[in-house]
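Only one structure is covered here, and it is reproduced in the block below.
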Protein chains: 4
Amino acid sequence: MSDAEDTIQRSAAQTQRRILDAAREEFSSHGYGSARMDRIATAARASKPMIYTYFGGKDDLYKAALQEAYARIREGERALETEHMDPEDAIRELVHFTMNHFVTNPWFISLLNTENLRGGVTIREIDRLSEVQSPLIQKIREILERGTGSGVFRQEIDPTELYVFIASLCYFPVSNRHTLRVGFDLSIDEPWLKAHADEAGEMVVRYLRVV
Amino acid sequence: MSDAEDTIQRSAAQTQRRILDAAREEFSSHGYGSARMDRIATAARASKPMIYTYFGGKDDLYKAALQEAYARIREGERALETEHMDPEDAIRELVHFTMNHFVTNPWFISLLNTENLRGGVTIREIDRLSEVQSPLIQKIREILERGTGSGVFRQEIDPTELYVFIASLCYFPVSNRHTLRVGFDLSIDEPWLKAHADEAGEMVVRYLRVV
Amino acid sequence: MSDAEDTIQRSAAQTQRRILDAAREEFSSHGYGSARMDRIATAARASKPMIYTYFGGKDDLYKAALQEAYARIREGERALETEHMDPEDAIRELVHFTMNHFVTNPWFISLLNTENLRGGVTIREIDRLSEVQSPLIQKIREILERGTGSGVFRQEIDPTELYVFIASLCYFPVSNRHTLRVGFDLSIDEPWLKAHADEAGEMVVRYLRVV
Amino acid sequence: MSDAEDTIQRSAAQTQRRILDAAREEFSSHGYGSARMDRIATAARASKPMIYTYFGGKDDLYKAALQEAYARIREGERALETEHMDPEDAIRELVHFTMNHFVTNPWFISLLNTENLRGGVTIREIDRLSEVQSPLIQKIREILERGTGSGVFRQEIDPTELYVFIASLCYFPVSNRHTLRVGFDLSIDEPWLKAHADEAGEMVVRYLRVV
DNA sequence: TATGAATGAGTCTTCATTCAT
DNA sequence: TATGAATGAAGACTCATTCAT
């Protein structure tokens with residue numbers, strides 16, 4: 001490959017990256033129906049035909065953005081290290097990590113909401129499921145095994161279900177921040193969420209403990 | 001009021017009701033941006049101008065639908081009776097009730113997702129907050145008081161925060177049913193949700209219990 | 001005719017009058033295309049079906065309003081009395097009267113503009129021309145005859161053409177008040193128009209004088 | 001600039017020109033409220049989105065058309081040359097020129113009528129007043145100065161007011177051609193207008209002459 | 001690779017008009 | 001006579017998408 005070709009390819013890859021970033025931002029900010037191809041093009045400093053050349057139509061772009069969003073999130077989840085912690089601390093850490101992950105990447109929650117609003121039609125099409133599966137399940141399994149092994153945790157807890165609980169506790173207050181503010185007079189900011197995660201950790205730990 | 005006037009007024013009220021029902025359905029099925037005034041009119045068996053006469057534009061109709069959705073949900077919540085139950089059972093009942101309420105009225109979750117996606121701009125405009133405030137908070141306060149009084153529950157639990165936990169545990173698996181199916185290979189149906197609510201109730205009760 | 005019938009008929013006539021007044025006001029304020037049947041109904045304190053019952057559609061109502069506008073204006077013109085004045089004073093009086101008539105009834109100018117914009121399609125349909133013909137022509141003819149008779153005015157002046165001159169001088173500054181303000185930095189208010197009419201009278205008189 | 005860019009840019013400019021021409025024609029033929037964006041697009045051989053891309057909405061297009069109409073008219077007025085004529089002839093020439101200008105560009109009168117019907121809201125927004133100001137005022141001032149200098153014209157005549165008189169005499173018979181036909185049985189065609197301009201010139205000259 | 005120009009097919013909204021009582 | 005309820009047809013405007021270079 002010549003240097004010139006290489007430069008072109010790199011530039012092309014950069015353009016694609018900017019488009020994908022802009023698309024993630026746009027779809028998460030506005031949902032699918034209110035997202036605008038125009039705004040994506042502008043934000044990506046690309047022309048609209050470029051989007052169509054690289055990604056196809058709006059649907060395809062949304063799909064690409066969703067898939068890449070999952071990949072990013074899963075990638076972030078791999079950073080969590082709990083192997084060295086005692087099981088209870090590991091659970092608390094997991095809860096904090098999850099809460100922090102949602103707070104730090106709010107576009108992910110918005111994309112999930114958008115996709116669920118659409119009935120999950122797009123995620124179902126994404127075949128490369130490996131990038132969709134959460135590595136957290138494996139970590140939870142490991143923690144639970146150590147906990148039951150040392151006798152502090154109850155048996156028969158399913159890792160996936162436990163993850164659903166933890167995700168629930170962290171997802172809802174972030175996702176529903178705006179409606180909670182009005183309906184419950186809650187001002188959900190980072191300190192509030194931090195304290196909330198503390199309590200959520202406590203709740204999960206108590207749930208797991210043997211009597 | 002004469003019979004004729006009565007009939008006419010009832011007819012107008014019926015049309016408005018059909019429009020509101022159709023709007024709730026449409027906005028919750030598609031989100032704001034993908035909702036179609038055309039479909040709402042058709043579903044309501046009304047002409048488009050009627051919508052504009054009765055409700056104003058799309059924004060106003062969305063606002064009316066959102067407000068009425070809250071009113072409906074809050075009305076349903078008043079049906080919960082826990083005063084006669086022992087505190088732990090009352091908490092478990094509350095969790096089951098909440099889960100069931102979300103499952104039975106899936107449009108509410110979709111509307112909340114939609115509104116949060118929009119940054120809560122509309123709910124903030126709805127002034128009649130009385131219909132937005134949940135009566136469940138009061139019920140929770142009463143249960144907690146009885147529980148702490150009889151020594152089974154810990155002190156210093158905030159009713160609103162507790163409600164956020166319960167809502168979190170019930171909301172997430174319903175709201176994210178589609179993405180959970182793919183990401184975690186979960187088939188979230190009513191039996192699953194029922195069992196999940198059982199466990200969630202257990203979790204909350206353990207969280208509240210004195211040691 | 002019974003008293004009851006009489007009352008009904010009177011009330012009907014009043015409604016028609018209010019509609020016609022409202023229509024004149026609406027069409028002159030907004031032109032044909034921007035006029036709204038709704039606003040006319042509201043202003044007339046009548047229901048829209050009443051308008052259609054009494055006048056037919058928008059076109060017919062416009063026609064009725066135009067015809068009645070002419071009748072009103074012509075009626076007003078009959079108030080001018082110049083028979084007892086000396087010819088020059090009579091001409092000056094005629095100019096002032098015309099200017100004042102336009103200023104006092106601005107809707108007439110607007111309706112004429114609207115109708116000319118439409119190519120005169122409606123006025124051509126109005127058959128009862130008697131109410132369209134201006135009685136001023138006759139008065140001008142009389143003044144001119146007296147003026148030529150006494151030797152102060154030139155011969156061979158056509159009354160109709162003279163009226164066009166006088167109308168021109170009075171119509172334009174009233175009709176084009178807004179564009180003149182911007183294009184020529186003129187603030188056209190009543191004092192200005194009064195002074196302008198003085199000069200216009202002078203101009204016409206000089207035009208008529210023998211050498 | 002490359003040839004390709006040149007061609008593209010010229011094409012965009014041409015489209016804009018066609019739209020502007022079509023808009024002037026449409027707004028002057030129908031007034032604002034009855035003008036149709038559809039017809040403008042068709043007449044301009046452009047698609048509707050192009051209009052919105054290049055000019056914004058109907059209001060903005062109207063504004064652009066009005067502004068350009070003034071520019072065109074003022075441009076045409078610059079063609080008048082009276083410096084070399086004796087003052088009386090210059091005045092007669094000015095009247096003929098004005099009449100001819102109105103007859104040749106009937107859309108201008110229609111646009112002025114439309115704008116005055118709207119209360120001048122748009123012209124007031126057009127800031128580039130330089131293109132709105134008539135160069136004729138300057139020419140009139142010059143003629144008057146020469147006339148008073150040579151003793152044939154009276155002093156104390158204001159150029160702007162004189163222009164209003166001349167414009168009045170020429171504007172009205174053209175603008176109100178259709179209503180005059182019916183109300184006064186006048187058939188206003190070019191010969192009539194030519195003769196009328198002759199007389200109007202006579203009238204103005206007599207008005208200016210020293211007794 | 002890249003983009004300025006262009007558009008078909010909607011999408012919201014309005015308006016003159018009519019129905020039913 | 002009178003009107004609250006209703007609508008077909010059209011209006012302005014938008015948006016995903018493609019053309020032409």
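Here, A, B, ... name the chains of the structure tokens in the order displayed, residue numbers run from 1 inside each chain, and ligands are numbered from 1 in the same displayed order.
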
Taking only residues of chain E that have an atom at most 8 Å from an atom of chain B, what is each one's shortest atom pair and its distance in Å to one decimal, using only C-alpha atoms (C1' of nucleotides), in chain and number order, as a Markdown table?
```
| residue | atom | partner | partner_atom | distance |
| --- | --- | --- | --- | --- |
| E:DT11 | C1' | B:Arg36 | CA | 7.8 |
| E:DC12 | C1' | B:Met37 | CA | 7.7 |
| E:DT13 | C1' | B:Gly57 | CA | 7.8 |
| E:DT21 | C1' | B:Ala4 | CA | 7.2 |
```

Inset, instruction - When you get a sec, could you note down which chain A residues fall within 6 Å of chain B, using only C-alpha atoms, as a ChimeraX atom specification? - result: /A:33-34,116,120,132-133,168-169,172,176,178,183,203,207

Go ahead and save the picked residues with all heavy atoms, as a CSV table (one decimal), in the first residue's frame.
```csv
chain,number,residue,atom,x,y,z
A,33,GLY,N,-36.6,9.0,16.2
A,33,GLY,CA,-37.5,9.8,15.4
A,33,GLY,C,-37.1,11.2,15.3
A,33,GLY,O,-37.3,11.9,14.3
A,34,SER,N,-36.6,11.8,16.4
A,34,SER,CA,-36.3,13.2,16.4
A,34,SER,C,-34.8,13.4,16.0
A,34,SER,O,-34.4,14.6,16.0
A,34,SER,CB,-36.6,13.8,17.7
A,34,SER,OG,-37.9,13.7,18.0
A,116,ASN,N,-35.5,0.3,23.4
A,116,ASN,CA,-36.6,-0.4,24.0
A,116,ASN,C,-37.9,0.2,23.6
A,116,ASN,O,-38.9,-0.5,23.4
A,116,ASN,CB,-36.5,-0.4,25.5
A,116,ASN,CG,-35.6,-1.4,26.0
A,116,ASN,OD1,-35.8,-2.6,25.9
A,116,ASN,ND2,-34.4,-1.0,26.6
A,120,GLY,N,-36.9,-3.1,20.5
A,120,GLY,CA,-35.7,-3.9,20.4
A,120,GLY,C,-35.5,-4.4,18.9
A,120,GLY,O,-34.7,-5.4,18.8
A,132,VAL,N,-22.2,-7.7,22.8
A,132,VAL,CA,-23.4,-7.2,23.5
A,132,VAL,C,-23.5,-7.8,24.9
A,132,VAL,O,-23.9,-7.2,25.9
A,132,VAL,CB,-24.7,-7.6,22.7
A,132,VAL,CG1,-25.9,-7.3,23.5
A,132,VAL,CG2,-24.7,-6.7,21.4
A,133,GLN,N,-23.0,-9.1,25.0
A,133,GLN,CA,-23.0,-9.8,26.3
A,133,GLN,C,-22.1,-9.0,27.3
A,133,GLN,O,-21.0,-8.6,26.9
A,133,GLN,CB,-22.4,-11.2,26.1
A,133,GLN,CG,-23.2,-12.0,25.1
A,133,GLN,CD,-24.5,-12.6,25.7
A,133,GLN,OE1,-24.9,-12.2,26.8
A,133,GLN,NE2,-25.1,-13.5,25.0
A,168,SER,N,-30.8,-2.5,37.8
A,168,SER,CA,-32.1,-1.8,38.1
A,168,SER,C,-31.8,-0.6,39.0
A,168,SER,O,-32.2,0.5,38.8
A,168,SER,CB,-33.1,-2.8,38.7
A,168,SER,OG,-33.4,-3.8,37.8
A,169,LEU,N,-31.1,-1.0,40.1
A,169,LEU,CA,-30.9,0.0,41.1
A,169,LEU,C,-30.1,1.2,40.7
A,169,LEU,O,-30.3,2.4,41.1
A,169,LEU,CB,-30.3,-0.6,42.4
A,169,LEU,CG,-31.1,-1.6,43.1
A,169,LEU,CD1,-30.3,-2.5,44.1
A,169,LEU,CD2,-32.3,-1.0,43.8
A,172,PHE,N,-32.3,3.1,37.0
A,172,PHE,CA,-33.6,3.9,37.1
A,172,PHE,C,-33.3,5.4,37.6
A,172,PHE,O,-33.8,6.3,36.9
A,172,PHE,CB,-34.5,3.2,38.1
A,172,PHE,CG,-35.8,3.9,38.4
A,172,PHE,CD1,-36.8,3.8,37.5
A,172,PHE,CD2,-36.0,4.7,39.5
A,172,PHE,CE1,-38.1,4.4,37.7
A,172,PHE,CE2,-37.2,5.3,39.8
A,172,PHE,CZ,-38.2,5.2,38.9
A,176,ASN,N,-34.3,8.1,34.9
A,176,ASN,CA,-35.5,8.9,35.2
A,176,ASN,C,-35.3,10.1,36.0
A,176,ASN,O,-36.2,10.6,36.7
A,176,ASN,CB,-36.6,8.0,35.9
A,176,ASN,CG,-37.1,6.9,35.0
A,176,ASN,OD1,-36.4,6.4,34.2
A,176,ASN,ND2,-38.4,6.7,35.1
A,178,HIS,N,-35.2,13.2,35.2
A,178,HIS,CA,-36.0,14.4,35.0
A,178,HIS,C,-37.4,14.2,35.6
A,178,HIS,O,-38.0,15.1,36.2
A,178,HIS,CB,-36.1,14.7,33.5
A,178,HIS,CG,-34.7,15.0,33.0
A,178,HIS,ND1,-34.0,14.2,32.1
A,178,HIS,CD2,-33.9,16.1,33.2
A,178,HIS,CE1,-32.9,14.7,31.8
A,178,HIS,NE2,-32.8,15.9,32.4
A,183,GLY,N,-41.8,14.6,39.8
A,183,GLY,CA,-42.8,13.8,40.6
A,183,GLY,C,-42.5,13.6,42.0
A,183,GLY,O,-43.4,13.4,42.8
A,203,MET,N,-28.1,-2.8,50.3
A,203,MET,CA,-29.2,-3.6,50.0
A,203,MET,C,-28.9,-4.9,49.4
A,203,MET,O,-29.4,-6.0,49.8
A,203,MET,CB,-30.2,-2.8,49.1
A,203,MET,CG,-31.5,-3.5,48.8
A,203,MET,SD,-32.5,-2.5,47.7
A,203,MET,CE,-33.6,-1.7,48.8
A,207,TYR,N,-29.1,-8.7,50.9
A,207,TYR,CA,-29.9,-9.7,50.1
A,207,TYR,C,-29.1,-11.0,50.0
A,207,TYR,O,-29.7,-12.1,50.0
A,207,TYR,CB,-30.2,-9.1,48.8
A,207,TYR,CG,-30.9,-10.1,47.8
A,207,TYR,CD1,-32.2,-10.6,48.1
A,207,TYR,CD2,-30.3,-10.5,46.6
A,207,TYR,CE1,-32.8,-11.5,47.2
A,207,TYR,CE2,-30.9,-11.4,45.8
A,207,TYR,CZ,-32.1,-11.9,46.1
A,207,TYR,OH,-32.8,-12.7,45.2
```

Inset, instruction - Could you check which of C:Ala195, C:Ile19, C:Ala12, C:Ile91 is closest to C:Phe153, using only C-alpha atoms? - result: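 Closest candidate: C:Ile91.
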
Inset, instruction - From stretch 141-205 of chain D, collect each residue whose DSSP state is alpha helix (DSSP H) and return the set as a ChimeraX atom specification. - result: /D:141-149,159-175,177-184,190-205

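Each of C:Ala69, C:Ile40, C:Ala46, C:Leu20 was compared to chain F using only C-alpha atoms (C1' of nucleotides), and C:Ala46 turns out to be the nearest.
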
I'd like a table as JSON lines: residues in chain F with an atom no more than 9 Å from chain C, each row giving the shortest atom pair and its distance in Å to one decimal, only C-alpha atoms (C1' of nucleotides) counted, sorted by chain and rising residue number.
```
{"residue": "F:DT1", "atom": "C1'", "partner": "C:Ile8", "partner_atom": "CA", "distance": 7.7}
{"residue": "F:DA2", "atom": "C1'", "partner": "C:Met50", "partner_atom": "CA", "distance": 7.4}
{"residue": "F:DT3", "atom": "C1'", "partner": "C:Ser47", "partner_atom": "CA", "distance": 6.2}
```

Keeping only C-alpha atoms (C1' of nucleotides), write those residues as a tab-separated table (two decimals), in the first residue's frame.
```
chain	number	residue	atom	x	y	z
F	1	DT	C1'	-83.08	31.00	13.57
F	2	DA	C1'	-79.13	29.18	15.44
F	3	DT	C1'	-74.76	26.55	16.63
```

Inset, instruction - Go ahead and compute the interatomic distance for atom C1' of E:DA5 and atom C1' of F:DT17, in Å to one decimal. - result: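 So the two atoms, atom C1' of E:DA5 and atom C1' of F:DT17, lie 13.0 Å apart.
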
Legend entry - Atomic distance atom CA of B:Met99 - atom CA of B:Ala79, expressed in Å with one decimal: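 Computed distance, atom CA of B:Met99 to atom CA of B:Ala79, equals 14.2 Å.
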
Inset, instruction - Measure the distance from atom CA of C:Arg39 to atom CA of B:Phe55 in Å and round it to one decimal. - result: 19.7 Å
